[in-house]
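Engineer: I'm passing along my_file03.pdb; it holds PDB, C-alpha atoms and all ligand atoms.
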ATOM      1  CA  MET A   2     144.651  78.078  37.705
ATOM      2  CA  LYS A   3     144.580  78.853  33.999
ATOM      3  CA  LYS A   4     146.627  82.050  33.426
ATOM      4  CA  GLN A   5     144.919  84.793  31.417
ATOM      5  CA  SER A   6     146.553  85.476  28.101
ATOM      6  CA  PHE A   7     147.018  89.246  28.433
ATOM      7  CA  ARG A   8     148.898  91.266  31.016
ATOM      8  CA  LEU A   9     147.298  93.936  33.174
ATOM      9  CA  TYR A  10     150.450  95.719  34.163
ATOM     10  CA  GLY A  11     153.364  97.380  32.370
ATOM     11  CA  ARG A  12     156.952  97.250  33.564
ATOM     12  CA  GLN A  13     157.999  94.713  36.186
ATOM     13  CA  LYS A  14     161.317  96.419  36.924
ATOM     14  CA  SER A  15     162.685  99.881  36.168
ATOM     15  CA  GLY A  16     165.827 100.809  38.146
ATOM     16  CA  SER A  17     168.594  98.382  38.985
ATOM     17  CA  ILE A  18     168.505  96.436  42.242
ATOM     18  CA  ASN A  19     171.619  96.608  44.422
ATOM     19  CA  HIS A  20     173.217  93.882  46.501
ATOM     20  CA  ALA A  21     171.466  94.831  49.772
ATOM     21  CA  GLN A  22     168.125  94.896  47.968
ATOM     22  CA  HIS A  23     168.812  91.467  46.457
ATOM     23  CA  GLU A  24     169.457  90.189  49.967
ATOM     24  CA  LEU A  25     166.102  91.546  51.118
ATOM     25  CA  MET A  26     164.447  89.821  48.174
ATOM     26  CA  ASP A  27     166.154  86.544  49.025
ATOM     27  CA  GLN A  28     165.852  86.639  52.795
ATOM     28  CA  LEU A  29     162.955  88.842  53.837
ATOM     29  CA  LEU A  30     160.449  88.419  51.001
ATOM     30  CA  PRO A  31     159.939  84.646  51.547
ATOM     31  CA  ASN A  32     159.017  85.376  55.198
ATOM     32  CA  LEU A  33     156.342  87.813  54.048
ATOM     33  CA  ASP A  34     154.637  85.397  51.697
ATOM     34  CA  VAL A  35     150.853  85.545  51.731
ATOM     35  CA  ASP A  36     149.394  82.730  53.830
ATOM     36  CA  ILE A  37     145.659  82.370  53.366
ATOM     37  CA  GLN A  38     145.253  80.613  56.725
ATOM     38  CA  GLU A  39     146.982  83.497  58.488
ATOM     39  CA  ILE A  40     144.511  85.908  56.871
ATOM     40  CA  ASP A  41     141.633  83.678  57.923
ATOM     41  CA  ARG A  42     142.906  83.603  61.527
ATOM     42  CA  SER A  43     143.540  87.355  61.782
ATOM     43  CA  THR A  44     140.934  89.534  63.443
ATOM     44  CA  ASP A  45     141.256  92.151  60.719
ATOM     45  CA  ALA A  46     142.830  92.004  57.257
ATOM     46  CA  VAL A  47     143.128  94.588  54.476
ATOM     47  CA  LEU A  48     144.155  94.119  50.835
ATOM     48  CA  GLU A  49     145.936  96.670  48.642
ATOM     49  CA  ILE A  50     146.176  95.830  44.935
ATOM     50  CA  GLY A  51     149.005  97.422  42.913
ATOM     51  CA  PHE A  52     150.719  99.259  45.777
ATOM     52  CA  GLY A  53     153.401 100.852  43.551
ATOM     53  CA  ASN A  54     156.169 102.164  45.817
ATOM     54  CA  GLY A  55     154.130 101.069  48.851
ATOM     55  CA  SER A  56     153.799 104.439  50.606
ATOM     56  CA  HIS A  57     150.059 103.970  51.209
ATOM     57  CA  LEU A  58     150.435 100.359  52.380
ATOM     58  CA  ILE A  59     153.246 101.237  54.809
ATOM     59  CA  SER A  60     151.423 104.212  56.202
ATOM     60  CA  LEU A  61     148.254 102.187  56.879
ATOM     61  CA  ALA A  62     150.209  99.280  58.353
ATOM     62  CA  GLN A  63     152.007 101.594  60.775
ATOM     63  CA  LYS A  64     148.743 103.231  61.847
ATOM     64  CA  SER A  65     147.013  99.897  62.518
ATOM     65  CA  PRO A  66     149.628  97.441  63.815
ATOM     66  CA  LYS A  67     146.971  94.862  64.804
ATOM     67  CA  THR A  68     145.583  94.654  61.266
ATOM     68  CA  LEU A  69     147.180  92.320  58.732
ATOM     69  CA  PHE A  70     147.940  94.107  55.433
ATOM     70  CA  ILE A  71     148.234  92.108  52.223
ATOM     71  CA  GLY A  72     149.956  94.006  49.423
ATOM     72  CA  CYS A  73     150.028  92.771  45.864
ATOM     73  CA  GLU A  74     152.418  94.232  43.290
ATOM     74  CA  PRO A  75     154.214  92.708  40.282
ATOM     75  CA  PHE A  76     156.602  95.686  39.998
ATOM     76  CA  LEU A  77     159.859  94.523  41.593
ATOM     77  CA  ASN A  78     161.248  97.933  42.544
ATOM     78  CA  GLY A  79     158.038  98.700  44.433
ATOM     79  CA  VAL A  80     158.304  95.431  46.338
ATOM     80  CA  VAL A  81     161.931  96.208  47.217
ATOM     81  CA  SER A  82     160.918  99.624  48.487
ATOM     82  CA  VAL A  83     158.358  98.040  50.839
ATOM     83  CA  LEU A  84     160.911  95.468  52.003
ATOM     84  CA  GLU A  85     163.311  98.276  52.939
ATOM     85  CA  HIS A  86     160.640  99.960  55.069
ATOM     86  CA  VAL A  87     159.511  96.698  56.646
ATOM     87  CA  ASP A  88     163.124  95.961  57.543
ATOM     88  CA  SER A  89     164.223  99.371  58.802
ATOM     89  CA  LYS A  90     160.972 100.213  60.636
ATOM     90  CA  GLU A  91     160.421  96.667  61.923
ATOM     91  CA  ILE A  92     156.906  96.522  60.511
ATOM     92  CA  ARG A  93     155.367  93.143  61.378
ATOM     93  CA  ASN A  94     151.920  93.280  59.792
ATOM     94  CA  ILE A  95     152.616  93.390  56.041
ATOM     95  CA  ARG A  96     152.554  90.387  53.707
ATOM     96  CA  ILE A  97     153.462  90.633  50.042
ATOM     97  CA  HIS A  98     152.455  88.882  46.859
ATOM     98  CA  ASN A  99     155.009  89.890  44.205
ATOM     99  CA  GLY A 100     152.769  89.144  41.250
ATOM    100  CA  ASP A 101     149.407  89.513  39.622
ATOM    101  CA  ILE A 102     146.406  89.780  41.941
ATOM    102  CA  ARG A 103     144.344  87.677  39.541
ATOM    103  CA  HIS A 104     146.467  84.666  40.410
ATOM    104  CA  LEU A 105     145.735  85.119  44.105
ATOM    105  CA  PHE A 106     141.982  85.745  43.884
ATOM    106  CA  PRO A 107     140.886  82.132  43.311
ATOM    107  CA  GLU A 108     142.773  80.957  46.427
ATOM    108  CA  MET A 109     141.097  83.500  48.662
ATOM    109  CA  PRO A 110     138.048  82.446  50.676
ATOM    110  CA  ASN A 111     134.932  84.590  50.992
ATOM    111  CA  GLY A 112     134.627  87.411  53.511
ATOM    112  CA  ILE A 113     138.254  87.775  54.613
ATOM    113  CA  PHE A 114     138.939  91.503  54.187
ATOM    114  CA  SER A 115     137.451  94.522  55.900
ATOM    115  CA  GLU A 116     138.888  96.841  53.228
ATOM    116  CA  ILE A 117     140.232  96.519  49.695
ATOM    117  CA  TYR A 118     142.208  99.344  48.066
ATOM    118  CA  LEU A 119     142.801  99.794  44.344
ATOM    119  CA  LEU A 120     144.591 103.141  43.982
ATOM    120  CA  TYR A 121     145.336 104.574  40.573
ATOM    121  CA  PRO A 122     145.124 101.326  38.606
ATOM    122  CA  ASP A 123     146.824 101.516  35.208
ATOM    123  CA  PRO A 124     144.335 103.398  32.980
ATOM    124  CA  TRP A 125     145.192 101.715  29.674
ATOM    125  CA  PRO A 126     144.012 104.759  27.676
ATOM    126  CA  LYS A 127     144.103 103.158  24.206
ATOM    127  CA  LYS A 128     140.787 101.593  23.284
ATOM    128  CA  ARG A 129     142.399  98.367  22.106
ATOM    129  CA  HIS A 130     143.851  97.979  25.651
ATOM    130  CA  TRP A 131     140.641  98.605  27.588
ATOM    131  CA  LYS A 132     140.231  94.863  28.070
ATOM    132  CA  ARG A 133     143.303  95.071  30.334
ATOM    133  CA  ARG A 134     141.607  97.420  32.777
ATOM    134  CA  LEU A 135     141.332  95.920  36.220
ATOM    135  CA  VAL A 136     137.942  97.385  37.110
ATOM    136  CA  THR A 137     135.340  95.153  35.490
ATOM    137  CA  GLN A 138     132.115  93.500  36.543
ATOM    138  CA  GLU A 139     134.169  90.414  37.377
ATOM    139  CA  PHE A 140     136.461  92.471  39.628
ATOM    140  CA  ILE A 141     133.459  94.044  41.391
ATOM    141  CA  ASN A 142     132.052  90.578  41.946
ATOM    142  CA  THR A 143     135.342  89.289  43.369
ATOM    143  CA  ALA A 144     135.793  92.305  45.644
ATOM    144  CA  HIS A 145     132.264  91.750  46.951
ATOM    145  CA  ARG A 146     133.017  88.076  47.586
ATOM    146  CA  LEU A 147     136.255  88.815  49.466
ATOM    147  CA  LEU A 148     134.863  91.566  51.678
ATOM    148  CA  LYS A 149     133.285  90.952  55.061
ATOM    149  CA  ALA A 150     129.756  92.246  55.705
ATOM    150  CA  ASN A 151     129.828  96.065  55.479
ATOM    151  CA  GLY A 152     133.404  95.915  54.170
ATOM    152  CA  THR A 153     134.626  98.701  51.890
ATOM    153  CA  LEU A 154     136.163  98.793  48.443
ATOM    154  CA  TYR A 155     138.190 101.970  47.839
ATOM    155  CA  ILE A 156     139.203 102.957  44.302
ATOM    156  CA  ALA A 157     140.965 106.112  43.076
ATOM    157  CA  SER A 158     141.707 107.217  39.526
ATOM    158  CA  ASP A 159     142.990 110.380  37.875
ATOM    159  CA  HIS A 160     142.358 109.393  34.263
ATOM    160  CA  ASP A 161     139.192 110.855  32.709
ATOM    161  CA  THR A 162     138.211 107.947  30.432
ATOM    162  CA  TYR A 163     138.970 105.426  33.173
ATOM    163  CA  GLN A 164     136.929 107.520  35.623
ATOM    164  CA  SER A 165     133.931 107.330  33.263
ATOM    165  CA  TRP A 166     134.562 103.597  32.821
ATOM    166  CA  ILE A 167     134.674 103.045  36.603
ATOM    167  CA  GLU A 168     131.615 105.224  37.192
ATOM    168  CA  ASN A 169     129.633 103.293  34.560
ATOM    169  CA  CYS A 170     130.737 100.047  36.124
ATOM    170  CA  ILE A 171     129.941 100.935  39.740
ATOM    171  CA  SER A 172     126.601 102.578  38.946
ATOM    172  CA  SER A 173     125.432  99.593  36.871
ATOM    173  CA  VAL A 174     122.416  97.641  38.056
ATOM    174  CA  TYR A 175     124.763  94.745  38.662
ATOM    175  CA  ALA A 176     127.188  96.622  40.942
ATOM    176  CA  SER A 177     124.385  98.540  42.683
ATOM    177  CA  ALA A 178     122.952  95.232  43.869
ATOM    178  CA  LEU A 179     126.271  94.427  45.539
ATOM    179  CA  PHE A 180     127.546  97.779  46.824
ATOM    180  CA  ASN A 181     126.373 101.145  48.091
ATOM    181  CA  TRP A 182     128.372 103.842  46.321
ATOM    182  CA  SER A 183     128.480 106.049  49.393
ATOM    183  CA  ASN A 184     130.342 109.127  48.098
ATOM    184  CA  GLN A 185     128.685 109.525  44.699
ATOM    185  CA  ASN A 186     128.102 113.249  45.265
ATOM    186  CA  THR A 187     131.512 114.023  46.737
ATOM    187  CA  MET A 188     133.852 111.883  44.666
ATOM    188  CA  THR A 189     136.409 114.623  44.004
ATOM    189  CA  ALA A 190     137.187 114.733  47.723
ATOM    190  CA  PRO A 191     139.400 112.002  49.202
ATOM    191  CA  TRP A 192     137.849 109.732  51.798
ATOM    192  CA  SER A 193     138.594 110.353  55.455
ATOM    193  CA  GLY A 194     141.993 108.957  56.443
ATOM    194  CA  TRP A 195     143.262 109.202  52.862
ATOM    195  CA  GLN A 196     147.028 108.719  52.504
ATOM    196  CA  PRO A 197     148.574 110.245  49.370
ATOM    197  CA  THR A 198     150.306 107.978  46.861
ATOM    198  CA  LYS A 199     153.112 108.599  44.402
ATOM    199  CA  TYR A 200     150.727 108.489  41.431
ATOM    200  CA  GLU A 201     148.359 110.903  43.058
ATOM    201  CA  GLU A 202     151.199 113.374  43.593
ATOM    202  CA  LYS A 203     152.067 113.058  39.890
ATOM    203  CA  ALA A 204     148.409 113.543  38.892
ATOM    204  CA  LEU A 205     148.091 116.673  41.014
ATOM    205  CA  ARG A 206     151.378 118.087  39.669
ATOM    206  CA  GLU A 207     150.046 117.509  36.145
ATOM    207  CA  LYS A 208     146.740 119.209  37.072
ATOM    208  CA  ARG A 209     144.498 116.165  36.759
ATOM    209  CA  THR A 210     141.519 115.796  39.096
ATOM    210  CA  PRO A 211     141.449 112.507  40.964
ATOM    211  CA  HIS A 212     138.152 110.815  41.666
ATOM    212  CA  TYR A 213     137.800 108.697  44.797
ATOM    213  CA  TYR A 214     135.214 105.917  45.000
ATOM    214  CA  VAL A 215     133.942 104.448  48.248
ATOM    215  CA  LEU A 216     131.819 101.320  47.876
ATOM    216  CA  THR A 217     130.321  99.587  50.870
ATOM    217  CA  LYS A 218     129.272  95.968  50.617
ATOM    218  CA  LYS A 219     125.514  95.463  50.867
TER
HETATM  219  C1  LIG B 301     149.592 103.514  38.132
HETATM  220  S1  LIG B 301     150.373 102.471  39.276
HETATM  221  C2  LIG B 301     149.755 103.044  40.838
HETATM  222  C3  LIG B 301     150.634 102.641  41.994
HETATM  223  C4  LIG B 301     150.157 103.099  43.382
HETATM  224  N1  LIG B 301     148.889 102.496  43.720
HETATM  225  C5  LIG B 301     150.087 104.595  43.487
HETATM  226  O1  LIG B 301     148.957 105.128  43.543
HETATM  227  O2  LIG B 301     151.146 105.233  43.512
HETATM  228  C6  LIG B 301     149.481 100.945  39.071
HETATM  229  C7  LIG B 301     150.149  99.793  39.778
HETATM  230  O3  LIG B 301     149.335  98.636  39.670
HETATM  231  C8  LIG B 301     150.176  97.517  39.468
HETATM  232  N2  LIG B 301     149.357  96.463  38.819
HETATM  233  C9  LIG B 301     148.907  96.467  37.561
HETATM  234  N3  LIG B 301     148.228  95.336  37.289
HETATM  235  C10 LIG B 301     148.235  94.600  38.415
HETATM  236  C11 LIG B 301     147.713  93.315  38.765
HETATM  237  N4  LIG B 301     147.064  92.579  37.894
HETATM  238  N5  LIG B 301     147.926  92.861  40.035
HETATM  239  C12 LIG B 301     148.591  93.618  40.924
HETATM  240  N6  LIG B 301     149.115  94.840  40.650
HETATM  241  C13 LIG B 301     148.946  95.322  39.407
HETATM  242  C14 LIG B 301     151.303  98.055  38.598
HETATM  243  O4  LIG B 301     152.482  97.268  38.643
HETATM  244  C15 LIG B 301     151.514  99.444  39.168
HETATM  245  O5  LIG B 301     152.491  99.484  40.181
END
Would you write the structure of this file as structure tokens?
Structural biologist:
Amino acid sequence: MKKQSFRLYGRQKSGSINHAQHELMDQLLPNLDVDIQEIDRSTDAVLEIGFGNGSHLISLAQKSPKTLFIGCEPFLNGVVSVLEHVDSKEIRNIRIHNGDIRHLFPEMPNGIFSEIYLLYPDPWPKKRHWKRRLVTQEFINTAHRLLKANGTLYIASDHDTYQSWIENCISSVYASALFNWSNQNTMTAPWSGWQPTKYEEKALREKRTPHYYVLTKK
């Protein structure tokens, strides 16, 4: 696939990675590689894009051990954090793509996920960077393609200009033909079963108001 010329994410690594973590990267990560056929075979599969430190992904995977969870994250320290949990808690239902979700999308067949999560995507506040924002008409189209009938796309954001951007996008005629925006009147309340994330905790500490978007495939 032709790689896009601009990046959607910031840092790929922040803290240093110790010897034990390197071993997990070398030994465990290859076993958790995303296998499209495995997703196709599974009775239920869920995708989380940009899982950060992985707290949400791990929590969901532990609650639903029969569901296959696909996590995608270019940030190496976040991937290592998930590997540590997978290893110590013997979690069997997580697979990881340590990279950009856009490189995985074209390989994915239609209708494979019951849920897709995009929690606190990078807001890219400067206007000249808006083209890097992940939520676009193209993203909405892809999410619709990947979801099963009645599947749900969950998005959360704490950044006011990105919230307006997302709300414009999901209320457009285009998106409305693909999804029901089911919580339009209650978007400041998290959806049922919500699991907090690291970025949400930061947003709340800094007194920002998260918006939560629940979109059900038509
Ligand atoms: C603001 S953080 C939020 C992390 C986490 N979801 C949370 O709520 O704590 C955004 C995350 O999205 C990841 N990300 C950005 N662009 C991405 C892409 N194209 N594919 C996959 N992940 C991406 C970043 O590396 C970063 O970890």
Engineer: For ligand LIG 301 (chain B), which of A:Asn54, A:Gln196, A:Thr68, A:Thr162 is the closest residue, counting all atoms listed in the file?
Structural biologist: A:Asn54
Engineer: For ligand LIG 301 (chain B), which of A:Asn99, A:Thr137, A:Gln63, A:Ser183 is the closest residue, counting only C-alpha atoms and all ligand atoms?
Structural biologist: A:Asn99
Engineer: Can you list what the PyMOL selection byres (((not hetatm)) within 7 of (chain B and resi 301)) grabs from this structure, as a list in words?
Structural biologist: Leu9, Tyr10, Gly11, Arg12, Gln13, Ile50, Gly51, Phe52, Gly53, Asn54, Cys73, Glu74, Pro75, Phe76, Gly100, Asp101, Ile102, Arg103, Leu119, Leu120, Tyr121, Pro122, Asp123, Leu135, Thr198, Lys199, Tyr200 and Glu201 of chain A
Engineer: Generate the output file for the selected residues, C-alpha atoms, as an mmCIF file, in the frame of the given file.
Structural biologist:
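Result went into again.cif, see below:
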data_model
loop_
_atom_site.group_PDB
_atom_site.id
_atom_site.type_symbol
_atom_site.label_atom_id
_atom_site.label_comp_id
_atom_site.auth_asym_id
_atom_site.auth_seq_id
_atom_site.Cartn_x
_atom_site.Cartn_y
_atom_site.Cartn_z
ATOM 1 C CA LEU A 9 147.298 93.936 33.174
ATOM 2 C CA TYR A 10 150.450 95.719 34.163
ATOM 3 C CA GLY A 11 153.364 97.380 32.370
ATOM 4 C CA ARG A 12 156.952 97.250 33.564
ATOM 5 C CA GLN A 13 157.999 94.713 36.186
ATOM 6 C CA ILE A 50 146.176 95.830 44.935
ATOM 7 C CA GLY A 51 149.005 97.422 42.913
ATOM 8 C CA PHE A 52 150.719 99.259 45.777
ATOM 9 C CA GLY A 53 153.401 100.852 43.551
ATOM 10 C CA ASN A 54 156.169 102.164 45.817
ATOM 11 C CA CYS A 73 150.028 92.771 45.864
ATOM 12 C CA GLU A 74 152.418 94.232 43.290
ATOM 13 C CA PRO A 75 154.214 92.708 40.282
ATOM 14 C CA PHE A 76 156.602 95.686 39.998
ATOM 15 C CA GLY A 100 152.769 89.144 41.250
ATOM 16 C CA ASP A 101 149.407 89.513 39.622
ATOM 17 C CA ILE A 102 146.406 89.780 41.941
ATOM 18 C CA ARG A 103 144.344 87.677 39.541
ATOM 19 C CA LEU A 119 142.801 99.794 44.344
ATOM 20 C CA LEU A 120 144.591 103.141 43.982
ATOM 21 C CA TYR A 121 145.336 104.574 40.573
ATOM 22 C CA PRO A 122 145.124 101.326 38.606
ATOM 23 C CA ASP A 123 146.824 101.516 35.208
ATOM 24 C CA LEU A 135 141.332 95.920 36.220
ATOM 25 C CA THR A 198 150.306 107.978 46.861
ATOM 26 C CA LYS A 199 153.112 108.599 44.402
ATOM 27 C CA TYR A 200 150.727 108.489 41.431
ATOM 28 C CA GLU A 201 148.359 110.903 43.058
#
Engineer: Just so the selection is clear, what residues does the PyMOL selection byres (((chain A and resi 58) around 12) and not hetatm) cover here, as a PyMOL selection string?
Structural biologist: chain A and resi 47-57+59-66+68-74+79-80+82-84+86-87+92+94-97+117-120+195-199
Engineer: Using only C-alpha atoms, pick whichever of A:Leu154, A:Gln164, A:Arg209, A:Val81 has the shortest atom-to-atom distance to Glu24 in chain A.
Structural biologist: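 Using only C-alpha atoms, Glu24 in chain A sits closest to A:Val81.
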Engineer: Can you tell me which residues surround Pro211 in chain A at a distance of at most 7 Å, considering all atoms listed in the file, apart from same-chain residues fewer than 6 positions away, and format the answer as a PDB file with C-alpha atoms, in the frame of the given file?
Structural biologist:
ATOM      1  CA  ALA A 157     140.965 106.112  43.076  1.00  0.00           C
ATOM      2  CA  SER A 158     141.707 107.217  39.526  1.00  0.00           C
ATOM      3  CA  ASP A 159     142.990 110.380  37.875  1.00  0.00           C
ATOM      4  CA  THR A 189     136.409 114.623  44.004  1.00  0.00           C
TER       5      THR A 189
END
Engineer: If you apply the PyMOL selection byres (((chain A and resi 192) around 10) and not hetatm) to this file, what residues do you get, as a list in words?
Structural biologist: Tyr155, Ala157, Asn184, Thr187, Met188, Thr189, Ala190, Pro191, Ser193, Gly194, Trp195, Gln196, Tyr213, Tyr214 and Val215 of chain A
Engineer: Could you check how far CA of Arg146 in chain A sits from CA of Gly112 in chain A, in Å to one decimal?
Structural biologist: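 Answer for the CA of Arg146 in chain A to CA of Gly112 in chain A separation: 6.2 Å.
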Engineer: Just the number, please: distance in Å from CA of Gly152 in chain A to CA of Glu116 in chain A, one decimal.
Structural biologist: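 Atom-to-atom, CA of Gly152 in chain A to CA of Glu116 in chain A, that is 5.6 Å.
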Engineer: Axis-aligned box over every listed atom of range 185-197 of chain A, padded by 8 Å per side: centre and edges in Å to one decimal, as lines of an AutoDock Vina configuration file?
Structural biologist:
center_x = 138.3
center_y = 111.7
center_z = 50.2
size_x = 36.5
size_y = 22.0
size_z = 28.4
Engineer: So, with only C-alpha atoms as the atoms that count, which of A:Ser115, A:Arg134, A:Lys128, A:Asp161 lies closest to Thr217 in chain A?
Structural biologist: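 Ranked by minimum distance to Thr217 in chain A, first place goes to A:Ser115.
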Engineer: Mind giving me the straight-line distance from CA of Ile167 in chain A to CA of Leu179 in chain A in Å, one decimal?
Structural biologist: 15.0 Å
Engineer: Of the residues A:Gln22, A:Asn78, A:Asn32, A:Thr44, which is the one nearest to Phe114 in chain A, using only C-alpha atoms?
Structural biologist: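 Closest to Phe114 in chain A of all the choices is A:Thr44.
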Engineer: Taking only C-alpha atoms into account, name the residue in A:Ala204, A:Thr143, A:His160, A:Gln138 that is nearest to Ser172 in chain A.
Structural biologist: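 The shortest atom-to-atom distance to Ser172 in chain A comes from A:Gln138.
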